[in-house]
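Structure data follow from work.txt (compact mmCIF, C-alpha atoms):
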# COMPACT_ATOMS: atom_id res chain seq x y z
CA MET U 1 16.68 -129.83 -95.46
CA ASN U 2 18.12 -126.37 -95.02
CA ASP U 3 18.39 -123.69 -92.34
CA ASN U 4 14.79 -122.61 -92.89
CA PHE U 5 13.55 -126.16 -92.36
CA PHE U 6 15.53 -126.55 -89.12
CA ILE U 7 14.57 -123.17 -87.69
CA LYS U 8 10.86 -123.81 -88.46
CA LYS U 9 11.17 -127.18 -86.69
CA THR U 10 12.80 -125.44 -83.70
CA ILE U 11 9.98 -122.91 -83.51
CA GLU U 12 7.42 -125.74 -83.65
CA LEU U 13 9.15 -127.42 -80.69
CA ALA U 14 8.96 -124.17 -78.73
CA VAL U 15 5.23 -123.83 -79.42
CA GLU U 16 4.64 -127.48 -78.42
CA ASN U 17 6.63 -126.92 -75.21
CA VAL U 18 4.17 -124.25 -74.12
CA LYS U 19 1.02 -126.07 -75.26
CA SER U 20 2.01 -129.25 -73.41
CA GLY U 21 2.54 -127.28 -70.18
CA HIS U 22 6.15 -128.47 -70.06
CA GLY U 23 7.83 -125.08 -69.88
CA GLY U 24 8.68 -121.72 -71.39
CA PRO U 25 8.45 -120.74 -75.08
CA PHE U 26 11.96 -121.74 -76.11
CA ALA U 27 13.52 -124.62 -78.04
CA ALA U 28 16.88 -125.49 -79.58
CA LEU U 29 18.05 -128.11 -82.01
CA ILE U 30 21.53 -129.31 -82.95
CA VAL U 31 22.45 -130.52 -86.42
CA LYS U 32 25.59 -132.33 -87.53
CA ASN U 33 26.23 -133.23 -91.17
CA GLY U 34 22.64 -132.35 -92.07
CA LYS U 35 21.10 -134.57 -89.39
CA ILE U 36 19.35 -133.57 -86.16
CA ILE U 37 21.38 -135.05 -83.32
CA SER U 38 19.55 -133.47 -80.39
CA THR U 39 16.79 -131.14 -79.31
CA GLY U 40 16.18 -129.22 -76.10
CA VAL U 41 13.26 -127.31 -74.67
CA ASN U 42 12.93 -125.02 -71.70
CA SER U 43 12.35 -127.27 -68.65
CA VAL U 44 13.13 -124.90 -65.75
CA THR U 45 9.94 -125.28 -63.75
CA ILE U 46 9.16 -128.92 -64.51
CA GLU U 47 12.69 -130.05 -63.60
CA ASN U 48 13.33 -127.49 -60.83
CA ASP U 49 16.51 -126.50 -62.65
CA PRO U 50 17.18 -122.83 -63.44
CA THR U 51 19.89 -123.92 -65.91
CA ALA U 52 17.47 -126.06 -67.93
CA HIS U 53 17.16 -123.60 -70.81
CA ALA U 54 16.60 -124.98 -74.31
CA GLU U 55 20.18 -124.49 -75.55
CA ILE U 56 21.77 -126.00 -72.41
CA LYS U 57 19.49 -129.03 -72.67
CA ALA U 58 20.23 -129.47 -76.39
CA ILE U 59 24.01 -129.12 -75.83
CA ARG U 60 24.01 -131.65 -72.98
CA ASN U 61 21.91 -134.08 -75.04
CA ALA U 62 24.15 -133.72 -78.10
CA CYS U 63 27.37 -134.17 -76.11
CA GLU U 64 25.97 -137.28 -74.46
CA LYS U 65 25.12 -138.70 -77.87
CA LEU U 66 28.49 -137.77 -79.40
CA ASN U 67 30.38 -138.90 -76.30
CA ASP U 68 32.36 -135.67 -76.47
CA TYR U 69 32.45 -132.38 -74.58
CA GLN U 70 32.68 -130.39 -77.78
CA LEU U 71 30.25 -129.97 -80.68
CA LYS U 72 32.70 -130.00 -83.55
CA ASP U 73 31.06 -129.25 -86.94
CA CYS U 74 27.64 -128.80 -85.33
CA ILE U 75 25.10 -126.04 -85.94
CA ILE U 76 22.94 -124.87 -83.04
CA TYR U 77 19.47 -123.58 -83.98
CA SER U 78 17.58 -121.66 -81.34
CA SER U 79 14.04 -120.33 -81.49
CA CYS U 80 15.29 -117.16 -79.80
CA GLU U 81 18.55 -115.28 -79.25
CA PRO U 82 20.39 -117.02 -76.38
CA CYS U 83 20.61 -115.46 -72.91
CA PRO U 84 24.15 -114.86 -71.53
CA MET U 85 24.17 -118.24 -69.74
CA CYS U 86 23.28 -120.08 -72.95
CA LEU U 87 25.59 -117.98 -75.10
CA GLY U 88 28.41 -118.86 -72.69
CA ALA U 89 27.48 -122.56 -72.93
CA ILE U 90 27.47 -122.30 -76.73
CA TYR U 91 31.02 -120.89 -76.71
CA TRP U 92 32.23 -123.62 -74.34
CA SER U 93 30.71 -126.30 -76.58
CA ARG U 94 32.47 -124.87 -79.66
CA PRO U 95 29.93 -125.46 -82.46
CA LYS U 96 30.68 -124.14 -85.93
CA LYS U 97 27.62 -121.91 -86.14
CA LEU U 98 24.64 -120.45 -84.28
CA ILE U 99 21.34 -119.66 -85.98
CA PHE U 100 18.32 -118.13 -84.24
CA ALA U 101 14.96 -116.57 -85.11
CA ALA U 102 13.44 -114.22 -82.52
CA THR U 103 15.73 -111.57 -81.08
CA LYS U 104 16.11 -110.64 -77.43
CA ASN U 105 13.92 -107.61 -78.18
CA ASP U 106 11.15 -109.92 -79.39
CA ALA U 107 11.56 -111.93 -76.17
CA ALA U 108 11.48 -108.77 -74.05
CA SER U 109 8.19 -107.71 -75.61
CA ALA U 110 6.75 -111.04 -74.36
CA GLY U 111 8.02 -110.44 -70.83
CA PHE U 112 11.30 -112.36 -71.10
CA ASP U 113 13.84 -109.68 -70.48
CA ASP U 114 17.36 -111.13 -70.49
CA SER U 115 18.82 -107.66 -70.92
CA PHE U 116 19.06 -107.29 -67.14
CA ILE U 117 21.65 -110.10 -67.04
CA TYR U 118 23.46 -108.73 -70.11
CA ASP U 119 23.64 -105.36 -68.33
CA GLU U 120 24.85 -106.88 -65.05
CA ILE U 121 27.71 -108.72 -66.80
CA ASP U 122 28.78 -105.34 -68.17
CA THR U 123 28.62 -103.72 -64.73
CA LYS U 124 31.60 -103.54 -62.36
CA ILE U 125 31.33 -106.13 -59.61
CA ASP U 126 30.84 -103.63 -56.77
CA SER U 127 27.97 -101.93 -58.64
CA ARG U 128 25.96 -105.03 -59.53
CA HIS U 129 22.50 -105.72 -58.14
CA LEU U 130 23.80 -109.13 -57.00
CA GLU U 131 25.76 -108.55 -53.81
CA THR U 132 29.24 -109.91 -54.53
CA THR U 133 32.28 -110.21 -52.28
CA ILE U 134 35.81 -111.14 -53.29
CA ILE U 135 37.74 -112.82 -50.46
CA ASN U 136 41.46 -112.52 -51.07
CA GLU U 137 42.17 -115.92 -49.51
CA PRO U 138 45.91 -116.76 -49.37
CA ASP U 139 45.30 -120.21 -50.91
CA LYS U 140 43.20 -118.89 -53.78
CA PHE U 141 45.82 -119.86 -56.38
CA LEU U 142 46.40 -123.38 -54.99
CA PRO U 143 43.83 -125.08 -57.29
CA PHE U 144 45.56 -123.58 -60.34
CA LYS U 145 49.04 -124.45 -59.01
CA THR U 146 47.87 -128.03 -58.48
CA TRP U 147 46.46 -128.09 -62.01
CA ILE U 148 49.65 -126.72 -63.57
CA ASN U 149 51.70 -129.42 -61.81
CA PHE U 150 49.26 -132.28 -62.43
CA GLN U 151 50.74 -134.57 -65.08
CA LYS U 152 47.61 -136.52 -66.07
CA LYS U 153 45.31 -133.56 -66.66
CA ILE U 154 42.85 -133.62 -69.55
CA LYS U 155 42.74 -130.11 -70.98
CA TYR U 156 39.39 -128.82 -72.16
CA MET Y 1 31.33 -121.06 -39.58
CA ASN Y 2 31.82 -117.88 -41.54
CA ASP Y 3 32.61 -116.81 -45.11
CA ASN Y 4 36.31 -117.57 -44.64
CA PHE Y 5 35.52 -121.11 -43.52
CA PHE Y 6 33.27 -121.73 -46.52
CA ILE Y 7 35.63 -120.23 -49.09
CA LYS Y 8 38.56 -122.26 -47.70
CA LYS Y 9 36.40 -125.38 -47.96
CA THR Y 10 35.53 -124.47 -51.56
CA ILE Y 11 39.21 -124.05 -52.44
CA GLU Y 12 39.98 -127.42 -50.86
CA LEU Y 13 37.31 -129.05 -53.04
CA ALA Y 14 38.87 -127.46 -56.15
CA VAL Y 15 42.32 -128.81 -55.21
CA GLU Y 16 40.88 -132.29 -54.57
CA ASN Y 17 39.08 -132.17 -57.92
CA VAL Y 18 42.40 -131.81 -59.73
CA LYS Y 19 44.33 -134.32 -57.59
CA SER Y 20 41.66 -137.00 -58.07
CA GLY Y 21 41.81 -136.54 -61.85
CA HIS Y 22 38.12 -135.68 -61.89
CA GLY Y 23 38.35 -132.33 -63.65
CA GLY Y 24 39.49 -128.73 -63.76
CA PRO Y 25 40.62 -126.59 -60.79
CA PHE Y 26 37.23 -125.19 -59.85
CA ALA Y 27 34.66 -125.80 -57.10
CA ALA Y 28 31.53 -124.14 -55.76
CA LEU Y 29 29.50 -124.56 -52.62
CA ILE Y 30 26.03 -123.35 -51.68
CA VAL Y 31 25.02 -122.40 -48.15
CA LYS Y 32 21.55 -121.75 -46.78
CA ASN Y 33 20.98 -120.63 -43.19
CA GLY Y 34 24.60 -121.39 -42.32
CA LYS Y 35 24.50 -124.96 -43.65
CA ILE Y 36 26.13 -126.38 -46.77
CA ILE Y 37 23.31 -127.65 -48.99
CA SER Y 38 25.33 -128.56 -52.07
CA THR Y 39 28.74 -128.62 -53.69
CA GLY Y 40 29.84 -128.78 -57.30
CA VAL Y 41 33.14 -129.36 -59.03
CA ASN Y 42 34.23 -129.01 -62.62
CA SER Y 43 33.23 -132.24 -64.40
CA VAL Y 44 33.43 -131.22 -68.08
CA THR Y 45 35.74 -133.93 -69.37
CA ILE Y 46 34.66 -136.78 -67.10
CA GLU Y 47 30.97 -136.23 -67.88
CA ASN Y 48 31.38 -135.09 -71.49
CA ASP Y 49 29.36 -132.01 -70.62
CA PRO Y 50 30.72 -128.55 -71.49
CA THR Y 51 28.14 -127.02 -69.13
CA ALA Y 52 29.38 -129.04 -66.13
CA HIS Y 53 31.21 -126.14 -64.51
CA ALA Y 54 31.41 -126.05 -60.71
CA GLU Y 55 28.74 -123.37 -60.20
CA ILE Y 56 26.26 -125.01 -62.61
CA LYS Y 57 26.72 -128.36 -60.87
CA ALA Y 58 26.29 -126.80 -57.41
CA ILE Y 59 23.17 -124.87 -58.49
CA ARG Y 60 21.57 -127.97 -60.04
CA ASN Y 61 22.36 -130.03 -56.94
CA ALA Y 62 20.99 -127.37 -54.58
CA CYS Y 63 17.77 -126.91 -56.57
CA GLU Y 64 17.21 -130.67 -56.63
CA LYS Y 65 17.63 -130.78 -52.86
CA LEU Y 66 15.39 -127.75 -52.25
CA ASN Y 67 12.84 -128.92 -54.82
CA ASP Y 68 12.78 -125.41 -56.21
CA TYR Y 69 14.14 -123.61 -59.28
CA GLN Y 70 15.31 -120.67 -57.21
CA LEU Y 71 17.94 -120.41 -54.49
CA LYS Y 72 16.16 -118.03 -52.14
CA ASP Y 73 18.34 -116.89 -49.20
CA CYS Y 74 21.31 -118.91 -50.45
CA ILE Y 75 24.95 -117.84 -50.73
CA ILE Y 76 27.05 -119.22 -53.58
CA TYR Y 77 30.78 -119.60 -52.84
CA SER Y 78 33.05 -120.16 -55.81
CA SER Y 79 36.78 -120.87 -55.80
CA CYS Y 80 37.09 -118.51 -58.78
CA GLU Y 81 35.18 -115.67 -60.42
CA PRO Y 82 32.40 -117.23 -62.52
CA CYS Y 83 32.59 -117.35 -66.33
CA PRO Y 84 29.69 -115.68 -68.23
CA MET Y 85 27.77 -118.98 -68.47
CA CYS Y 86 27.98 -119.52 -64.71
CA LEU Y 87 27.31 -115.88 -63.89
CA GLY Y 88 24.17 -116.11 -66.03
CA ALA Y 89 23.14 -119.29 -64.21
CA ILE Y 90 23.72 -117.56 -60.87
CA TYR Y 91 21.39 -114.71 -61.86
CA TRP Y 92 18.70 -117.15 -63.05
CA SER Y 93 18.92 -119.05 -59.75
CA ARG Y 94 18.49 -115.82 -57.75
CA PRO Y 95 20.70 -116.39 -54.69
CA LYS Y 96 21.11 -113.60 -52.15
CA LYS Y 97 24.88 -113.34 -52.51
CA LEU Y 98 27.96 -114.48 -54.46
CA ILE Y 99 31.38 -114.84 -52.85
CA PHE Y 100 34.52 -115.91 -54.71
CA ALA Y 101 38.30 -116.05 -54.15
CA ALA Y 102 40.48 -116.09 -57.30
CA THR Y 103 39.67 -113.50 -59.94
CA LYS Y 104 39.39 -114.08 -63.68
CA ASN Y 105 42.87 -112.56 -63.98
CA ASP Y 106 44.23 -115.23 -61.61
CA ALA Y 107 42.50 -117.86 -63.77
CA ALA Y 108 43.89 -116.36 -66.96
CA SER Y 109 47.43 -116.58 -65.59
CA ALA Y 110 46.87 -120.35 -65.19
CA GLY Y 111 45.63 -120.70 -68.78
CA PHE Y 112 41.89 -120.39 -68.15
CA ASP Y 113 41.00 -117.32 -70.08
CA ASP Y 114 37.25 -116.65 -69.91
CA SER Y 115 37.80 -113.10 -71.12
CA PHE Y 116 37.32 -114.25 -74.71
CA ILE Y 117 33.69 -115.13 -73.95
CA TYR Y 118 33.18 -111.93 -71.94
CA ASP Y 119 34.51 -110.00 -74.96
CA GLU Y 120 32.33 -111.88 -77.44
CA ILE Y 121 29.17 -111.16 -75.44
CA ASP Y 122 30.08 -107.48 -75.71
CA THR Y 123 30.65 -107.70 -79.46
CA LYS Y 124 27.93 -107.04 -82.03
CA ILE Y 125 26.54 -110.27 -83.43
CA ASP Y 126 27.89 -109.78 -86.96
CA SER Y 127 31.42 -109.15 -85.64
CA ARG Y 128 31.68 -112.17 -83.33
CA HIS Y 129 34.15 -115.00 -83.90
CA LEU Y 130 31.19 -117.40 -83.68
CA GLU Y 131 29.43 -117.28 -87.04
CA THR Y 132 25.84 -116.29 -86.23
CA THR Y 133 22.83 -115.91 -88.51
CA ILE Y 134 19.45 -114.43 -87.63
CA ILE Y 135 16.62 -115.90 -89.71
CA ASN Y 136 13.66 -113.56 -89.73
CA GLU Y 137 11.16 -116.43 -89.82
CA PRO Y 138 7.51 -115.23 -90.05
CA ASP Y 139 6.48 -117.55 -87.18
CA LYS Y 140 9.28 -116.43 -84.86
CA PHE Y 141 6.86 -114.77 -82.43
CA LEU Y 142 4.43 -117.73 -82.31
CA PRO Y 143 6.05 -119.39 -79.23
CA PHE Y 144 5.67 -116.14 -77.28
CA LYS Y 145 2.10 -115.59 -78.54
CA THR Y 146 1.24 -119.13 -77.42
CA TRP Y 147 2.84 -118.44 -74.02
CA ILE Y 148 0.96 -115.16 -73.53
CA ASN Y 149 -2.35 -116.90 -74.28
CA PHE Y 150 -1.62 -120.06 -72.27
CA GLN Y 151 -3.71 -119.99 -69.11
CA LYS Y 152 -1.92 -122.65 -67.06
CA LYS Y 153 1.60 -121.29 -67.45
CA ILE Y 154 4.03 -121.40 -64.54
CA LYS Y 155 6.04 -118.20 -64.65
CA TYR Y 156 9.69 -118.40 -63.73
Mind turning the file's structure into structure tokens?
Amino acid sequence: MNDNFFIKKTIELAVENVKSGHGGPFAALIVKNGKIISTGVNSVTIENDPTAHAEIKAIRNACEKLNDYQLKDCIIYSSCEPCPMCLGAIYWSRPKKLIFAATKNDAASAGFDDSFIYDEIDTKIDSRHLETTIINEPDKFLPFKTWINFQKKIKY
Amino acid sequence: MNDNFFIKKTIELAVENVKSGHGGPFAALIVKNGKIISTGVNSVTIENDPTAHAEIKAIRNACEKLNDYQLKDCIIYSSCEPCPMCLGAIYWSRPKKLIFAATKNDAASAGFDDSFIYDEIDTKIDSRHLETTIINEPDKFLPFKTWINFQKKIKY
């Protein structure tokens, strides 16, 4: 079983996800040492969870199985180029590799345009479409100060 | 109760999260019509979930309570400027406003440097630290084609 096998399987899961009425046309699959350890499909509407994208679901499933918050030596296959939320999640989970098939341009041509969020991240806070306020609260650094001084912290 | 009240409350939750040994120095809180409808704290290590950042937790909790995948008319308060994953999640959840206290520079000075992920998102795929391969699989557009033709789809 090679990358082509796993990416085909991921695409099949994405097709099934639509046909079954479960959710959007996206799937992800995580492989460790040549074995599939988790899958994830878009479940936003069925679970009422805007974070339930395929990659997030697959990462959470894999971490639960591995009993770890990192995906050491894992490869993440995605049917489509990850959105910024999922790409962020992939970095936090620290896999060794990401492989995907459709690009964000392919997704855009089907009406899934993540480029708006990519553009917003690149925009200065006071020019974003999302109204954003920074409150310069005097205690804003207290959580970090507490963290720095906390002896039993588990770094992540 | 105004923005200052809610952001102070959010900062308190972040401090408590560290002191209790539950997780990192971050909290978020979601308000609708002047009432707190959910909170979230960093739970990455205790839940073995790299996506369990404060904002993601608060969004998931709020959506469960509202029985919706969008946070219409909600304000998200965060003790710290969201990382790219959480900012993406905030856009997908479509709140009316985001308010935070500490900036990503404050976080970086405490050892939480999200700028690496911000930088990677801005980097061309073949130059990223995360090894990434695009497989131009012939069926890559099939999930989208299935979606376009699927009559009962729930758009999100």
Could you produce a table of the residues of chain U lying within 6 Å of chain Y, with the nearest pair of atoms per residue and their separation in Å rounded to one decimal, using only C-alpha atoms, ordered by chain and increasing residue number, as a tab-separated table?
residue	atom	partner	partner_atom	distance
U:Ala14	CA	Y:Pro143	CA	5.6
U:Val15	CA	Y:Pro143	CA	4.5
U:Val18	CA	Y:Trp147	CA	6.0
U:Pro25	CA	Y:Pro143	CA	5.0
U:Asn48	CA	Y:Tyr69	CA	4.3
U:Asp49	CA	Y:Tyr69	CA	5.0
U:Pro50	CA	Y:Tyr69	CA	5.2
U:Thr51	CA	Y:Ala89	CA	5.9
U:Arg60	CA	Y:Asp49	CA	5.9
U:Asp68	CA	Y:Asn48	CA	5.1
U:Tyr69	CA	Y:Asn48	CA	4.2
U:Pro84	CA	Y:Gly88	CA	5.6
U:Met85	CA	Y:Met85	CA	3.9
U:Gly88	CA	Y:Met85	CA	4.3
U:Ala89	CA	Y:Met85	CA	5.7
U:Trp92	CA	Y:Pro50	CA	5.9
U:Ser93	CA	Y:Pro50	CA	5.6
U:Lys97	CA	Y:Glu131	CA	5.1
U:Leu98	CA	Y:Thr132	CA	4.7
U:Ile99	CA	Y:Thr133	CA	4.8
U:Phe100	CA	Y:Ile134	CA	5.1
U:Ala101	CA	Y:Ile135	CA	4.9
U:Ala102	CA	Y:Lys140	CA	5.3
U:Ala110	CA	Y:Phe144	CA	6.0
U:Glu131	CA	Y:Lys97	CA	5.0
U:Thr132	CA	Y:Leu98	CA	4.7
U:Thr133	CA	Y:Ile99	CA	4.8
U:Ile134	CA	Y:Phe100	CA	5.1
U:Ile135	CA	Y:Ala101	CA	4.9
U:Asn136	CA	Y:Ala101	CA	5.7
U:Lys140	CA	Y:Ala102	CA	5.3
U:Pro143	CA	Y:Val15	CA	4.5
U:Phe144	CA	Y:Pro25	CA	5.8
U:Trp147	CA	Y:Val18	CA	6.0
I'm after chain U in the frame of chain Y: fit it by least squares over all Cα atoms matched in order, and give me the output as a JSON list (two decimals) with C-alpha atoms, in the frame of the given file.
[["chain", "number", "residue", "atom", "x", "y", "z"],
["U", 1, "MET", "CA", 31.37, -121.07, -39.58],
["U", 2, "ASN", "CA", 31.82, -117.89, -41.56],
["U", 3, "ASP", "CA", 32.62, -116.81, -45.11],
["U", 4, "ASN", "CA", 36.31, -117.57, -44.64],
["U", 5, "PHE", "CA", 35.53, -121.11, -43.52],
["U", 6, "PHE", "CA", 33.26, -121.74, -46.53],
["U", 7, "ILE", "CA", 35.61, -120.23, -49.09],
["U", 8, "LYS", "CA", 38.56, -122.26, -47.70],
["U", 9, "LYS", "CA", 36.40, -125.40, -47.96],
["U", 10, "THR", "CA", 35.53, -124.47, -51.57],
["U", 11, "ILE", "CA", 39.19, -124.04, -52.45],
["U", 12, "GLU", "CA", 39.98, -127.42, -50.87],
["U", 13, "LEU", "CA", 37.31, -129.04, -53.06],
["U", 14, "ALA", "CA", 38.88, -127.46, -56.14],
["U", 15, "VAL", "CA", 42.32, -128.79, -55.22],
["U", 16, "GLU", "CA", 40.88, -132.28, -54.57],
["U", 17, "ASN", "CA", 39.08, -132.17, -57.94],
["U", 18, "VAL", "CA", 42.40, -131.81, -59.73],
["U", 19, "LYS", "CA", 44.32, -134.31, -57.59],
["U", 20, "SER", "CA", 41.66, -137.00, -58.08],
["U", 21, "GLY", "CA", 41.82, -136.55, -61.87],
["U", 22, "HIS", "CA", 38.12, -135.69, -61.91],
["U", 23, "GLY", "CA", 38.36, -132.34, -63.65],
["U", 24, "GLY", "CA", 39.49, -128.73, -63.76],
["U", 25, "PRO", "CA", 40.61, -126.59, -60.79],
["U", 26, "PHE", "CA", 37.22, -125.17, -59.86],
["U", 27, "ALA", "CA", 34.66, -125.80, -57.11],
["U", 28, "ALA", "CA", 31.53, -124.15, -55.75],
["U", 29, "LEU", "CA", 29.49, -124.56, -52.62],
["U", 30, "ILE", "CA", 26.01, -123.35, -51.68],
["U", 31, "VAL", "CA", 25.02, -122.39, -48.15],
["U", 32, "LYS", "CA", 21.55, -121.74, -46.77],
["U", 33, "ASN", "CA", 20.98, -120.62, -43.19],
["U", 34, "GLY", "CA", 24.60, -121.39, -42.31],
["U", 35, "LYS", "CA", 24.49, -124.95, -43.65],
["U", 36, "ILE", "CA", 26.12, -126.38, -46.78],
["U", 37, "ILE", "CA", 23.30, -127.65, -48.99],
["U", 38, "SER", "CA", 25.32, -128.56, -52.07],
["U", 39, "THR", "CA", 28.73, -128.61, -53.68],
["U", 40, "GLY", "CA", 29.85, -128.76, -57.30],
["U", 41, "VAL", "CA", 33.14, -129.35, -59.04],
["U", 42, "ASN", "CA", 34.23, -128.99, -62.62],
["U", 43, "SER", "CA", 33.24, -132.24, -64.40],
["U", 44, "VAL", "CA", 33.42, -131.22, -68.08],
["U", 45, "THR", "CA", 35.73, -133.93, -69.37],
["U", 46, "ILE", "CA", 34.66, -136.79, -67.10],
["U", 47, "GLU", "CA", 30.97, -136.25, -67.87],
["U", 48, "ASN", "CA", 31.38, -135.11, -71.50],
["U", 49, "ASP", "CA", 29.36, -132.01, -70.63],
["U", 50, "PRO", "CA", 30.72, -128.55, -71.49],
["U", 51, "THR", "CA", 28.14, -127.02, -69.12],
["U", 52, "ALA", "CA", 29.38, -129.04, -66.14],
["U", 53, "HIS", "CA", 31.21, -126.14, -64.50],
["U", 54, "ALA", "CA", 31.41, -126.05, -60.70],
["U", 55, "GLU", "CA", 28.73, -123.37, -60.19],
["U", 56, "ILE", "CA", 26.24, -125.01, -62.61],
["U", 57, "LYS", "CA", 26.71, -128.35, -60.87],
["U", 58, "ALA", "CA", 26.28, -126.80, -57.41],
["U", 59, "ILE", "CA", 23.16, -124.86, -58.50],
["U", 60, "ARG", "CA", 21.55, -127.96, -60.04],
["U", 61, "ASN", "CA", 22.37, -130.02, -56.94],
["U", 62, "ALA", "CA", 20.99, -127.37, -54.58],
["U", 63, "CYS", "CA", 17.77, -126.91, -56.57],
["U", 64, "GLU", "CA", 17.22, -130.66, -56.63],
["U", 65, "LYS", "CA", 17.63, -130.78, -52.87],
["U", 66, "LEU", "CA", 15.39, -127.75, -52.25],
["U", 67, "ASN", "CA", 12.84, -128.93, -54.82],
["U", 68, "ASP", "CA", 12.79, -125.40, -56.21],
["U", 69, "TYR", "CA", 14.14, -123.62, -59.28],
["U", 70, "GLN", "CA", 15.32, -120.68, -57.22],
["U", 71, "LEU", "CA", 17.95, -120.40, -54.48],
["U", 72, "LYS", "CA", 16.17, -118.02, -52.16],
["U", 73, "ASP", "CA", 18.34, -116.89, -49.20],
["U", 74, "CYS", "CA", 21.31, -118.92, -50.45],
["U", 75, "ILE", "CA", 24.95, -117.84, -50.73],
["U", 76, "ILE", "CA", 27.05, -119.22, -53.58],
["U", 77, "TYR", "CA", 30.78, -119.59, -52.85],
["U", 78, "SER", "CA", 33.05, -120.16, -55.81],
["U", 79, "SER", "CA", 36.77, -120.86, -55.80],
["U", 80, "CYS", "CA", 37.10, -118.50, -58.77],
["U", 81, "GLU", "CA", 35.18, -115.66, -60.41],
["U", 82, "PRO", "CA", 32.40, -117.23, -62.52],
["U", 83, "CYS", "CA", 32.59, -117.35, -66.32],
["U", 84, "PRO", "CA", 29.69, -115.68, -68.23],
["U", 85, "MET", "CA", 27.77, -118.97, -68.47],
["U", 86, "CYS", "CA", 27.98, -119.51, -64.71],
["U", 87, "LEU", "CA", 27.31, -115.87, -63.89],
["U", 88, "GLY", "CA", 24.17, -116.11, -66.04],
["U", 89, "ALA", "CA", 23.14, -119.30, -64.20],
["U", 90, "ILE", "CA", 23.72, -117.56, -60.87],
["U", 91, "TYR", "CA", 21.38, -114.71, -61.87],
["U", 92, "TRP", "CA", 18.70, -117.15, -63.04],
["U", 93, "SER", "CA", 18.92, -119.04, -59.75],
["U", 94, "ARG", "CA", 18.49, -115.81, -57.75],
["U", 95, "PRO", "CA", 20.69, -116.39, -54.67],
["U", 96, "LYS", "CA", 21.12, -113.59, -52.16],
["U", 97, "LYS", "CA", 24.88, -113.35, -52.52],
["U", 98, "LEU", "CA", 27.95, -114.49, -54.46],
["U", 99, "ILE", "CA", 31.38, -114.85, -52.86],
["U", 100, "PHE", "CA", 34.53, -115.91, -54.71],
["U", 101, "ALA", "CA", 38.29, -116.05, -54.17],
["U", 102, "ALA", "CA", 40.47, -116.08, -57.29],
["U", 103, "THR", "CA", 39.67, -113.50, -59.94],
["U", 104, "LYS", "CA", 39.39, -114.09, -63.67],
["U", 105, "ASN", "CA", 42.88, -112.57, -63.98],
["U", 106, "ASP", "CA", 44.23, -115.23, -61.62],
["U", 107, "ALA", "CA", 42.50, -117.87, -63.76],
["U", 108, "ALA", "CA", 43.90, -116.37, -66.96],
["U", 109, "SER", "CA", 47.44, -116.57, -65.60],
["U", 110, "ALA", "CA", 46.85, -120.35, -65.20],
["U", 111, "GLY", "CA", 45.66, -120.69, -68.79],
["U", 112, "PHE", "CA", 41.91, -120.40, -68.14],
["U", 113, "ASP", "CA", 41.01, -117.33, -70.09],
["U", 114, "ASP", "CA", 37.27, -116.67, -69.90],
["U", 115, "SER", "CA", 37.81, -113.11, -71.10],
["U", 116, "PHE", "CA", 37.35, -114.25, -74.70],
["U", 117, "ILE", "CA", 33.70, -115.13, -73.95],
["U", 118, "TYR", "CA", 33.20, -111.93, -71.93],
["U", 119, "ASP", "CA", 34.53, -110.00, -74.94],
["U", 120, "GLU", "CA", 32.35, -111.89, -77.43],
["U", 121, "ILE", "CA", 29.18, -111.14, -75.43],
["U", 122, "ASP", "CA", 30.12, -107.46, -75.69],
["U", 123, "THR", "CA", 30.67, -107.71, -79.45],
["U", 124, "LYS", "CA", 27.93, -107.05, -82.02],
["U", 125, "ILE", "CA", 26.54, -110.28, -83.42],
["U", 126, "ASP", "CA", 27.88, -109.78, -86.95],
["U", 127, "SER", "CA", 31.41, -109.16, -85.62],
["U", 128, "ARG", "CA", 31.68, -112.17, -83.32],
["U", 129, "HIS", "CA", 34.14, -115.00, -83.89],
["U", 130, "LEU", "CA", 31.18, -117.41, -83.68],
["U", 131, "GLU", "CA", 29.42, -117.29, -87.03],
["U", 132, "THR", "CA", 25.84, -116.28, -86.23],
["U", 133, "THR", "CA", 22.82, -115.91, -88.50],
["U", 134, "ILE", "CA", 19.45, -114.43, -87.62],
["U", 135, "ILE", "CA", 16.62, -115.90, -89.72],
["U", 136, "ASN", "CA", 13.65, -113.55, -89.72],
["U", 137, "GLU", "CA", 11.16, -116.42, -89.83],
["U", 138, "PRO", "CA", 7.51, -115.24, -90.04],
["U", 139, "ASP", "CA", 6.48, -117.55, -87.17],
["U", 140, "LYS", "CA", 9.28, -116.43, -84.87],
["U", 141, "PHE", "CA", 6.85, -114.79, -82.42],
["U", 142, "LEU", "CA", 4.42, -117.75, -82.31],
["U", 143, "PRO", "CA", 6.04, -119.40, -79.23],
["U", 144, "PHE", "CA", 5.67, -116.14, -77.29],
["U", 145, "LYS", "CA", 2.09, -115.60, -78.54],
["U", 146, "THR", "CA", 1.24, -119.13, -77.42],
["U", 147, "TRP", "CA", 2.83, -118.45, -74.04],
["U", 148, "ILE", "CA", 0.96, -115.16, -73.55],
["U", 149, "ASN", "CA", -2.36, -116.91, -74.28],
["U", 150, "PHE", "CA", -1.63, -120.06, -72.27],
["U", 151, "GLN", "CA", -3.74, -119.98, -69.11],
["U", 152, "LYS", "CA", -1.92, -122.64, -67.05],
["U", 153, "LYS", "CA", 1.61, -121.30, -67.46],
["U", 154, "ILE", "CA", 4.02, -121.40, -64.53],
["U", 155, "LYS", "CA", 6.04, -118.19, -64.66],
["U", 156, "TYR", "CA", 9.70, -118.41, -63.73]]
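The interatomic distance for the pair atom CA of U:Ser115 and atom CA of Y:Ser115 works out to 19.7 Å.
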Self-check item: Separation of atom CA of U:Leu29 from atom CA of U:Ala58, in Å and rounded to one decimal
Solution: 6.2 Å
